[in-house]
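Visitor: run-v5.cif is reproduced in full below (mmCIF, C-alpha atoms).
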```cif
data_coords
#
loop_
_atom_site.label_atom_id
_atom_site.label_comp_id
_atom_site.auth_asym_id
_atom_site.auth_seq_id
_atom_site.Cartn_x
_atom_site.Cartn_y
_atom_site.Cartn_z
CA MET A 1 9.59 -4.85 14.32
CA THR A 2 8.65 -8.23 12.89
CA THR A 3 10.13 -11.21 14.70
CA ILE A 4 11.44 -13.91 12.37
CA LYS A 5 10.62 -17.33 13.80
CA VAL A 6 13.15 -20.01 12.98
CA ALA A 7 13.52 -23.78 13.30
CA LEU A 8 17.10 -24.84 14.00
CA VAL A 9 18.09 -28.20 12.51
CA GLY A 10 20.98 -29.91 14.30
CA LEU A 11 21.63 -29.55 18.03
CA GLY A 12 25.28 -30.46 17.97
CA TRP A 13 28.18 -28.33 19.19
CA TRP A 14 27.54 -25.34 16.95
CA GLY A 15 23.75 -25.60 16.92
CA ARG A 16 23.73 -25.35 20.71
CA LYS A 17 26.05 -22.36 20.52
CA MET A 18 23.58 -20.58 18.24
CA VAL A 19 20.57 -21.38 20.45
CA ASP A 20 22.19 -19.99 23.59
CA THR A 21 23.77 -16.99 21.90
CA MET A 22 20.57 -15.90 20.16
CA ALA A 23 18.52 -16.39 23.32
CA ALA A 24 20.85 -13.97 25.10
CA HIS A 25 21.38 -11.39 22.37
CA GLY A 26 18.99 -11.85 19.44
CA ASP A 27 16.46 -9.19 18.45
CA VAL A 28 15.01 -9.68 14.96
CA LEU A 29 15.39 -13.46 14.82
CA ARG A 30 14.14 -15.99 17.37
CA ILE A 31 14.72 -19.76 17.40
CA THR A 32 11.32 -21.23 18.34
CA ARG A 33 11.80 -24.94 17.70
CA ALA A 34 14.59 -27.44 17.04
CA VAL A 35 15.07 -30.62 15.05
CA ASP A 36 17.60 -33.38 15.64
CA PRO A 37 17.38 -37.01 14.50
CA ALA A 38 19.34 -38.00 17.63
CA ILE A 39 16.44 -36.72 19.70
CA ASP A 40 17.35 -38.51 22.91
CA ALA A 41 20.80 -36.88 22.99
CA ALA A 42 19.25 -33.44 22.44
CA ARG A 43 16.25 -33.75 24.74
CA GLU A 44 17.86 -32.52 27.95
CA PHE A 45 19.40 -29.46 26.28
CA ALA A 46 16.12 -28.49 24.59
CA ALA A 47 14.02 -29.05 27.72
CA ALA A 48 16.31 -26.84 29.82
CA ARG A 49 15.63 -24.00 27.37
CA ASN A 50 11.90 -24.67 26.86
CA LEU A 51 12.65 -25.28 23.21
CA PRO A 52 10.18 -27.57 21.39
CA LEU A 53 12.11 -30.48 19.91
CA GLY A 54 11.34 -33.01 17.20
CA ASP A 55 13.22 -35.42 14.96
CA SER A 56 11.52 -34.55 11.65
CA LEU A 57 12.58 -31.73 9.33
CA ALA A 58 9.39 -32.25 7.32
CA GLU A 59 7.29 -31.63 10.44
CA ALA A 60 9.12 -28.38 11.17
CA LEU A 61 8.77 -27.25 7.56
CA ALA A 62 5.02 -27.87 7.73
CA ASP A 63 4.68 -25.46 10.67
CA PRO A 64 3.01 -22.27 9.34
CA ASP A 65 4.54 -20.21 12.17
CA ILE A 66 8.07 -20.98 10.97
CA ASP A 67 9.54 -18.37 8.62
CA ALA A 68 13.00 -19.85 8.12
CA VAL A 69 15.33 -22.71 9.01
CA ILE A 70 18.92 -22.79 10.22
CA LEU A 71 20.82 -25.84 8.98
CA ALA A 72 23.53 -26.73 11.50
CA THR A 73 23.86 -30.17 9.94
CA PRO A 74 26.58 -32.28 8.29
CA HIS A 75 27.83 -30.79 5.03
CA ALA A 76 26.62 -33.67 2.87
CA PHE A 77 22.98 -33.00 3.85
CA HIS A 78 22.87 -29.33 2.91
CA GLU A 79 21.81 -29.58 -0.72
CA GLN A 80 18.86 -31.89 -0.03
CA GLN A 81 17.75 -29.97 3.06
CA ILE A 82 17.91 -26.63 1.23
CA ALA A 83 15.77 -28.07 -1.57
CA GLN A 84 13.24 -29.36 0.99
CA SER A 85 13.14 -26.01 2.77
CA VAL A 86 12.68 -24.03 -0.43
CA ALA A 87 9.87 -26.36 -1.54
CA ALA A 88 8.16 -25.54 1.76
CA GLY A 89 8.62 -21.79 1.19
CA LYS A 90 11.09 -21.28 4.03
CA HIS A 91 14.10 -18.97 4.00
CA VAL A 92 17.39 -20.77 4.70
CA PHE A 93 20.45 -20.02 6.80
CA CYS A 94 23.06 -22.69 6.16
CA GLU A 95 26.18 -23.40 8.14
CA LYS A 96 29.37 -23.57 6.11
CA PRO A 97 30.15 -25.01 3.69
CA LEU A 98 27.04 -24.45 1.59
CA ALA A 99 27.85 -27.54 -0.49
CA LEU A 100 30.87 -29.60 -1.47
CA THR A 101 30.74 -28.79 -5.19
CA GLY A 102 30.33 -25.60 -7.16
CA ALA A 103 27.38 -27.08 -9.01
CA GLY A 104 25.69 -27.94 -5.70
CA ALA A 105 26.22 -24.40 -4.43
CA ALA A 106 24.87 -22.93 -7.66
CA GLN A 107 21.78 -25.08 -7.41
CA ALA A 108 21.13 -23.95 -3.83
CA VAL A 109 21.58 -20.27 -4.74
CA THR A 110 19.35 -20.67 -7.79
CA LEU A 111 16.57 -22.42 -5.88
CA CYS A 112 16.42 -19.68 -3.26
CA ARG A 113 16.72 -16.87 -5.79
CA ASP A 114 13.99 -18.19 -8.05
CA ALA A 115 11.66 -18.72 -5.08
CA GLY A 116 12.29 -15.21 -3.73
CA LEU A 117 13.80 -16.62 -0.52
CA VAL A 118 16.83 -15.40 1.42
CA LEU A 119 19.87 -17.67 1.64
CA GLY A 120 22.21 -16.89 4.54
CA MET A 121 25.60 -18.40 5.28
CA GLY A 122 27.46 -19.17 8.51
CA HIS A 123 30.42 -16.97 7.63
CA GLU A 124 30.37 -15.02 10.87
CA ARG A 125 34.00 -13.95 10.41
CA ARG A 126 32.73 -11.19 8.10
CA PHE A 127 30.70 -9.77 10.99
CA GLU A 128 33.49 -9.48 13.55
CA PRO A 129 33.89 -5.72 14.13
CA PRO A 130 37.55 -5.41 13.05
CA MET A 131 36.95 -7.63 10.01
CA ALA A 132 33.85 -5.68 9.03
CA GLN A 133 35.93 -2.50 9.27
CA LEU A 134 38.69 -4.02 7.16
CA LEU A 135 36.19 -5.04 4.46
CA ALA A 136 34.65 -1.57 4.47
CA ASP A 137 38.04 0.15 4.28
CA ALA A 138 39.14 -2.07 1.41
CA ALA A 139 35.90 -1.43 -0.49
CA ALA A 140 36.39 2.33 0.00
CA GLY A 141 39.90 2.12 -1.46
CA LYS A 142 41.65 3.07 1.79
CA LEU A 143 44.16 0.22 1.40
CA GLY A 144 44.80 1.01 -2.26
CA ARG A 145 45.29 -1.79 -4.75
CA LEU A 146 45.08 -5.07 -2.85
CA LEU A 147 48.13 -7.22 -3.46
CA GLN A 148 48.23 -10.16 -1.10
CA ILE A 149 46.46 -11.95 1.76
CA GLU A 150 48.07 -14.11 4.45
CA ALA A 151 45.69 -16.01 6.72
CA ASN A 152 45.72 -18.85 9.23
CA PHE A 153 42.74 -20.25 11.15
CA SER A 154 43.77 -23.34 13.11
CA HIS A 155 42.91 -25.29 16.26
CA ASP A 156 43.27 -28.76 17.78
CA LYS A 157 39.65 -29.26 18.93
CA PHE A 158 39.07 -32.20 16.59
CA LEU A 159 41.89 -34.30 18.03
CA SER A 160 39.58 -35.31 20.89
CA LEU A 161 36.58 -36.22 18.71
CA ASP A 162 35.34 -39.78 18.42
CA PRO A 163 36.87 -41.21 15.21
CA THR A 164 33.35 -41.91 13.90
CA ASN A 165 32.34 -38.23 14.07
CA TRP A 166 31.17 -36.90 10.70
CA ARG A 167 33.54 -33.93 10.99
CA LEU A 168 36.44 -36.36 10.47
CA LYS A 169 35.06 -38.25 7.48
CA PRO A 170 37.02 -37.60 4.26
CA ASP A 171 33.86 -37.54 2.11
CA GLN A 172 32.27 -34.84 4.29
CA ALA A 173 35.31 -32.92 5.55
CA PRO A 174 38.07 -33.27 2.95
CA ALA A 175 41.44 -31.49 2.75
CA GLY A 176 42.38 -31.27 6.41
CA GLY A 177 40.86 -28.24 8.12
CA MET A 178 39.48 -26.71 4.95
CA THR A 179 35.76 -27.22 5.64
CA ALA A 180 36.16 -26.47 9.36
CA THR A 181 38.21 -23.26 9.28
CA GLY A 182 39.82 -22.63 5.90
CA ILE A 183 36.44 -22.05 4.24
CA HIS A 184 36.06 -18.86 6.31
CA LEU A 185 39.40 -17.56 5.04
CA THR A 186 38.59 -18.24 1.39
CA ASP A 187 35.22 -16.50 1.86
CA LEU A 188 37.02 -13.40 3.11
CA ALA A 189 39.62 -13.62 0.36
CA ILE A 190 36.95 -13.81 -2.35
CA ARG A 191 35.10 -10.86 -0.82
CA LEU A 192 38.31 -8.83 -1.03
CA MET A 193 39.93 -10.13 -4.22
CA GLY A 194 37.12 -11.60 -6.32
CA ALA A 195 36.96 -15.06 -7.85
CA ALA A 196 40.05 -17.28 -7.89
CA SER A 197 41.81 -18.47 -11.04
CA ASP A 198 43.95 -21.36 -9.76
CA VAL A 199 45.30 -22.95 -6.61
CA THR A 200 48.20 -25.08 -5.37
CA VAL A 201 47.68 -27.13 -2.19
CA THR A 202 49.71 -29.17 0.25
CA CYS A 203 47.75 -31.36 2.66
CA GLU A 204 49.66 -33.67 5.01
CA THR A 205 49.12 -35.84 8.08
CA LEU A 206 52.01 -34.86 10.33
CA ALA A 207 50.87 -35.13 13.94
CA SER A 208 47.65 -37.14 14.19
CA ASP A 209 45.56 -39.96 12.77
CA LEU A 210 43.03 -37.62 11.17
CA PRO A 211 42.02 -39.31 7.89
CA SER A 212 41.78 -36.10 5.85
CA GLY A 213 45.13 -34.73 7.05
CA ASP A 214 45.97 -32.29 9.81
CA THR A 215 48.08 -29.65 8.03
CA MET A 216 46.74 -27.87 4.93
CA SER A 217 48.04 -24.85 3.07
CA ALA A 218 46.74 -23.34 -0.16
CA TYR A 219 48.31 -20.78 -2.46
CA ILE A 220 45.58 -19.04 -4.45
CA ARG A 221 45.77 -16.72 -7.45
CA PHE A 222 42.85 -14.51 -8.44
CA ILE A 223 41.39 -13.64 -11.82
CA GLY A 224 41.85 -9.93 -11.15
CA GLY A 225 45.41 -10.37 -9.90
CA GLY A 226 46.80 -10.81 -6.42
CA THR A 227 47.38 -13.88 -4.28
CA ALA A 228 46.39 -15.43 -0.95
CA TYR A 229 48.14 -17.91 1.30
CA ILE A 230 45.61 -19.84 3.40
CA SER A 231 46.56 -22.22 6.22
CA ALA A 232 44.22 -24.45 8.23
CA THR A 233 45.84 -26.81 10.73
CA LEU A 234 44.04 -29.28 13.01
CA ALA A 235 46.97 -30.21 15.23
CA THR A 236 48.07 -26.94 16.81
CA PRO A 237 46.57 -24.77 19.58
CA PHE A 238 44.10 -22.13 18.44
CA ILE A 239 45.29 -19.30 16.26
CA SER A 240 43.44 -16.99 13.91
CA ARG A 241 45.33 -14.38 11.93
CA PHE A 242 44.16 -12.48 8.83
CA ALA A 243 46.39 -9.97 7.07
CA VAL A 244 45.76 -7.92 3.92
CA TYR A 245 48.43 -5.92 2.09
CA GLY A 246 47.67 -3.05 -0.28
CA THR A 247 49.54 -0.20 -1.93
CA LYS A 248 48.27 2.38 0.58
CA GLY A 249 48.34 0.27 3.70
CA TRP A 250 48.01 -3.08 5.40
CA VAL A 251 45.95 -4.56 8.23
CA GLU A 252 46.54 -7.60 10.42
CA ILE A 253 43.81 -8.98 12.70
CA ARG A 254 44.50 -11.55 15.44
CA ASP A 255 41.76 -13.21 17.49
CA ARG A 256 42.26 -13.53 21.23
CA ALA A 257 40.08 -16.66 21.37
CA HIS A 258 37.95 -18.94 19.21
CA VAL A 259 34.68 -17.46 17.94
CA GLU A 260 32.67 -19.87 20.13
CA ALA A 261 33.73 -17.74 23.12
CA PRO A 262 35.07 -14.46 21.70
CA GLU A 263 37.44 -12.38 23.80
CA GLY A 264 38.25 -9.63 21.30
CA TRP A 265 40.94 -8.90 18.75
CA VAL A 266 44.32 -7.28 18.32
CA VAL A 267 44.50 -5.10 15.20
CA ILE A 268 47.78 -3.86 13.72
CA LYS A 269 47.74 -1.31 10.90
CA GLY A 270 50.33 0.37 8.75
CA ASP A 271 49.82 2.96 6.02
CA VAL A 272 51.76 5.40 3.88
CA SER A 273 50.91 8.40 6.06
CA GLY A 274 52.08 7.37 9.50
CA PRO A 275 53.59 4.86 11.93
CA ILE A 276 52.37 1.33 12.63
CA VAL A 277 49.49 1.38 15.13
CA THR A 278 48.23 -1.42 17.37
CA THR A 279 44.72 -1.30 18.86
CA GLU A 280 42.54 -3.58 20.98
CA VAL A 281 38.95 -4.38 20.04
CA GLY A 282 36.61 -5.80 22.68
CA PRO A 283 34.58 -9.01 22.35
CA SER A 284 31.48 -9.15 20.17
CA GLU A 285 29.17 -11.99 19.12
CA ALA A 286 29.58 -12.16 15.35
CA VAL A 287 27.21 -15.15 15.26
CA VAL A 288 24.43 -12.85 16.43
CA ALA A 289 25.36 -10.14 13.93
CA ASN A 290 25.22 -12.62 11.05
CA LEU A 291 21.91 -14.19 12.08
CA GLU A 292 20.38 -10.77 12.72
CA ALA A 293 21.49 -9.65 9.24
CA PHE A 294 19.75 -12.74 7.86
CA GLY A 295 16.65 -11.92 9.89
CA ARG A 296 16.57 -8.34 8.59
CA ALA A 297 16.84 -9.64 5.03
CA VAL A 298 13.95 -12.07 5.61
CA ALA A 299 11.91 -9.19 7.06
CA GLY A 300 12.68 -7.08 3.98
CA ILE A 301 14.57 -4.44 5.97
CA ALA A 302 17.95 -4.79 4.22
CA ASP A 303 19.71 -7.03 1.71
CA TYR A 304 21.77 -9.90 3.09
CA PRO A 305 25.44 -8.84 2.65
CA ILE A 306 26.89 -12.14 1.35
CA THR A 307 25.91 -12.50 -2.30
CA GLY A 308 24.99 -15.69 -4.08
CA GLU A 309 27.85 -15.15 -6.52
CA GLU A 310 30.32 -15.04 -3.62
CA MET A 311 28.83 -18.20 -2.11
CA ILE A 312 29.23 -20.06 -5.40
CA ALA A 313 32.76 -18.77 -5.98
CA ASN A 314 33.80 -19.92 -2.51
CA ILE A 315 32.46 -23.45 -2.89
CA THR A 316 33.91 -23.72 -6.39
CA LEU A 317 37.28 -22.79 -4.87
CA LEU A 318 36.74 -25.35 -2.08
CA GLU A 319 36.07 -28.05 -4.67
CA THR A 320 39.28 -27.08 -6.48
CA ILE A 321 41.31 -27.08 -3.25
CA VAL A 322 40.12 -30.62 -2.53
CA ARG A 323 41.13 -31.67 -6.03
CA ALA A 324 44.51 -29.95 -5.76
CA ALA A 325 45.17 -31.58 -2.38
CA LYS A 326 44.85 -34.96 -4.08
CA SER A 327 46.70 -34.16 -7.30
CA GLY A 328 49.57 -32.06 -5.95
CA LYS A 329 49.29 -29.96 -9.11
CA VAL A 330 48.23 -26.41 -9.92
CA GLU A 331 44.49 -26.74 -10.51
CA ALA A 332 42.38 -24.24 -12.45
CA VAL A 333 39.22 -23.03 -10.73
CA GLU A 334 36.12 -23.61 -12.78
CA LYS A 335 33.60 -20.84 -13.24
CA VAL A 336 29.99 -21.80 -12.57
CA VAL A 337 27.60 -19.88 -14.81
CA LEU A 338 23.94 -19.64 -13.78
CA ARG A 339 21.44 -19.89 -16.61
CA GLY A 340 18.02 -19.93 -15.05
CA PRO A 341 17.72 -23.14 -13.03
CA ILE A 342 20.55 -24.80 -15.00
CA THR A 343 24.22 -24.71 -14.06
CA VAL A 344 27.00 -24.95 -16.61
CA GLN A 345 30.65 -25.36 -15.62
CA GLU A 346 33.23 -23.65 -17.75
CA THR A 347 36.99 -23.50 -17.22
CA VAL A 348 38.35 -20.00 -16.74
#
```
Take the structure in this file and express it as structure tokens.
Guide:
Amino acid sequence: MTTIKVALVGLGWWGRKMVDTMAAHGDVLRITRAVDPAIDAAREFAAARNLPLGDSLAEALADPDIDAVILATPHAFHEQQIAQSVAAGKHVFCEKPLALTGAGAAQAVTLCRDAGLVLGMGHERRFEPPMAQLLADAAAGKLGRLLQIEANFSHDKFLSLDPTNWRLKPDQAPAGGMTATGIHLTDLAIRLMGAASDVTVTCETLASDLPSGDTMSAYIRFIGGGTAYISATLATPFISRFAVYGTKGWVEIRDRAHVEAPEGWVVIKGDVSGPIVTTEVGPSEAVVANLEAFGRAVAGIADYPITGEEMIANITLLETIVRAAKSGKVEAVEKVVLRGPITVQETV
């Protein structure tokens, strides 16, 4: 089987997680070099893993042995770095969020599509075994008509960050925990319910000095009907809960620990044919499953399971949530229409 050689850009918290996880479990995809502008801070980590390290993305992109790049970089850099990578003929795996505007997401999807390159996304929640089963069951109609989603993905990890950290900057991480955790929940909701029509948001600072707020909730309606309540709090101990309700049954998934160190899940199910059942699912590295799916797509073995349309719909919803958090009003979600390399925004 072909090994996909990848340059990882950004050796921060999550970039280091990906390096170590893929070294232990990866098969199709292998991280063979790293890039970080703060090279001195990353040097010890890279040396301990015999990972070649540089501070230039351009240098990594010029390497003919590199097939793809992983962008574990601040959100505001994604659009430019994707454009650079595509110009160099490299496939791209981008950490979430893909962009901060629907138009930016559409441009990224279009660039990769038109160049025949794979675009992967850091939405590893889709690849957790119980979540993957839920998505498959919903697609097969086993839950019936989907009616409602309730989801919360919260933690207090950011309370200890240096105030200058980019993850706390309102222009890069707006609307409380939305870009950190909520974006995963909206990705799942769009996969299940389709594109959103409008959203109402409350974002408050209740228990911290976080400049973008620490308590965010969004009430989302979808074009095809149905609703989702999404909560992302940055001032409470870790919790992750995702529940879907349909006419034939419902499923609730609770994580035992944060995805950086998974410890498994508790799954509760109810359906029209029998009693409520609770099961335990053991730990699994969804980060590996996602990156391996990207690697298989680059190798031409299978299509990458997150579509460009879903990526655009998610970022368009993110942009609307940010707007609604500021306005306090019900905000319509714009539809981004791709016409060749041009993007046109139209109100649904």
Visitor: What does the PyMOL selection byres ((chain A and resi 61-66) around 10) select in this file, as a list in words?
Guide: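 Evaluating the PyMOL selection byres ((chain A and resi 61-66) around 10) on this file yields Ile4, Lys5, Val6, Ala7, Ile31, Thr32, Arg33, Ser56, Leu57, Ala58, Glu59, Ala60, Asp67, Ala68, Val69, Gln84, Ser85, Val86, Ala87, Ala88, Gly89, Lys90 and His91 of chain A.
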Visitor: Grab the CA of Thr316 (chain A) to CA of Thr179 (chain A) distance for me, in Å with one decimal place.
Guide: 12.7 Å
Visitor: Which residues fall under the PyMOL selection byres ((chain A and resi 122-131) around 6) in this file, as a ChimeraX atom specification?
Guide: /A:95-96,121,132-134,286-287,290
Visitor: Could the residues in this selection be written to a file with C-alpha atoms, as a CSV table (one decimal), in the frame of the given file?
Guide:
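Writing done, so here's result.csv:
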```
chain,number,residue,atom,x,y,z
A,95,GLU,CA,26.2,-23.4,8.1
A,96,LYS,CA,29.4,-23.6,6.1
A,121,MET,CA,25.6,-18.4,5.3
A,132,ALA,CA,33.8,-5.7,9.0
A,133,GLN,CA,35.9,-2.5,9.3
A,134,LEU,CA,38.7,-4.0,7.2
A,286,ALA,CA,29.6,-12.2,15.4
A,287,VAL,CA,27.2,-15.2,15.3
A,290,ASN,CA,25.2,-12.6,11.0
```
Visitor: Go through A:Met22, A:Ile312, A:Val330, A:Val281 and flag the residue nearest Leu119 (chain A), using all atoms listed in the file for the distances.
Guide: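 Among A:Met22, A:Ile312, A:Val330, A:Val281, it is A:Ile312 that comes nearest to Leu119 (chain A).
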Visitor: Check the smallest atom-to-atom distance from each of A:Tyr304, A:Ile268, A:Phe45, A:Asn152 to Ala289 (chain A) using only C-alpha atoms, then report the winner.
Guide: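 Smallest distance to Ala289 (chain A) is found for A:Tyr304.
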Visitor: Applied to the shown file, which residues does the PyMOL selection byres ((chain A and resi 231-246) around 8) return, written as a ChimeraX atom specification?
Guide: /A:143-159,176-178,181-182,185,207-208,214-218,229-230,247-255,257-258
Visitor: Which residue out of A:Gly54, A:Gly225, A:Gly102, A:Pro211 has the minimum interatomic distance to Val333 (chain A) when all atoms listed in the file are used?
Guide: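 Counting all atoms listed in the file, the residue closest to Val333 (chain A) is A:Gly102.
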Visitor: How many Å separate CA of Thr200 (chain A) from CA of Glu79 (chain A)?
Guide: 27.2 Å
Visitor: Using Å and a single decimal, report how far CA of Gly26 (chain A) sits from CA of Ala47 (chain A).
Guide: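 These two atoms are separated by 19.7 Å.
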Visitor: Quick one: everything within 12 Å of region 39-43 of chain A, counting all atoms listed in the file, minus sequence neighbours fewer than 4 positions away in the same chain. Send it as JSON, numbers by chain.
Guide: {"A": [9, 10, 11, 12, 13, 15, 16, 34, 35, 47, 48, 49, 50, 51, 52, 53, 54, 55, 56]}
Visitor: Keeping only C-alpha atoms, write the selected residues as a compact mmCIF listing (two decimals), keeping the file's coordinate frame.
Guide:
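Saved result, part-v1.txt, follows:
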```txt
# COMPACT_ATOMS: atom_id res chain seq x y z
CA VAL A 9 18.09 -28.20 12.51
CA GLY A 10 20.98 -29.91 14.30
CA LEU A 11 21.63 -29.55 18.03
CA GLY A 12 25.28 -30.46 17.97
CA TRP A 13 28.18 -28.33 19.19
CA GLY A 15 23.75 -25.60 16.92
CA ARG A 16 23.73 -25.35 20.71
CA ALA A 34 14.59 -27.44 17.04
CA VAL A 35 15.07 -30.62 15.05
CA ALA A 47 14.02 -29.05 27.72
CA ALA A 48 16.31 -26.84 29.82
CA ARG A 49 15.63 -24.00 27.37
CA ASN A 50 11.90 -24.67 26.86
CA LEU A 51 12.65 -25.28 23.21
CA PRO A 52 10.18 -27.57 21.39
CA LEU A 53 12.11 -30.48 19.91
CA GLY A 54 11.34 -33.01 17.20
CA ASP A 55 13.22 -35.42 14.96
CA SER A 56 11.52 -34.55 11.65
```
Visitor: Near Trp166 (chain A), counting all atoms listed in the file, which residues have an atom at most 8 Å away, once you skip same-chain residues fewer than 5 positions from it, shown as a list in words?
Guide: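 The neighbour list is Pro74, Gln172 and Ala173 of chain A.
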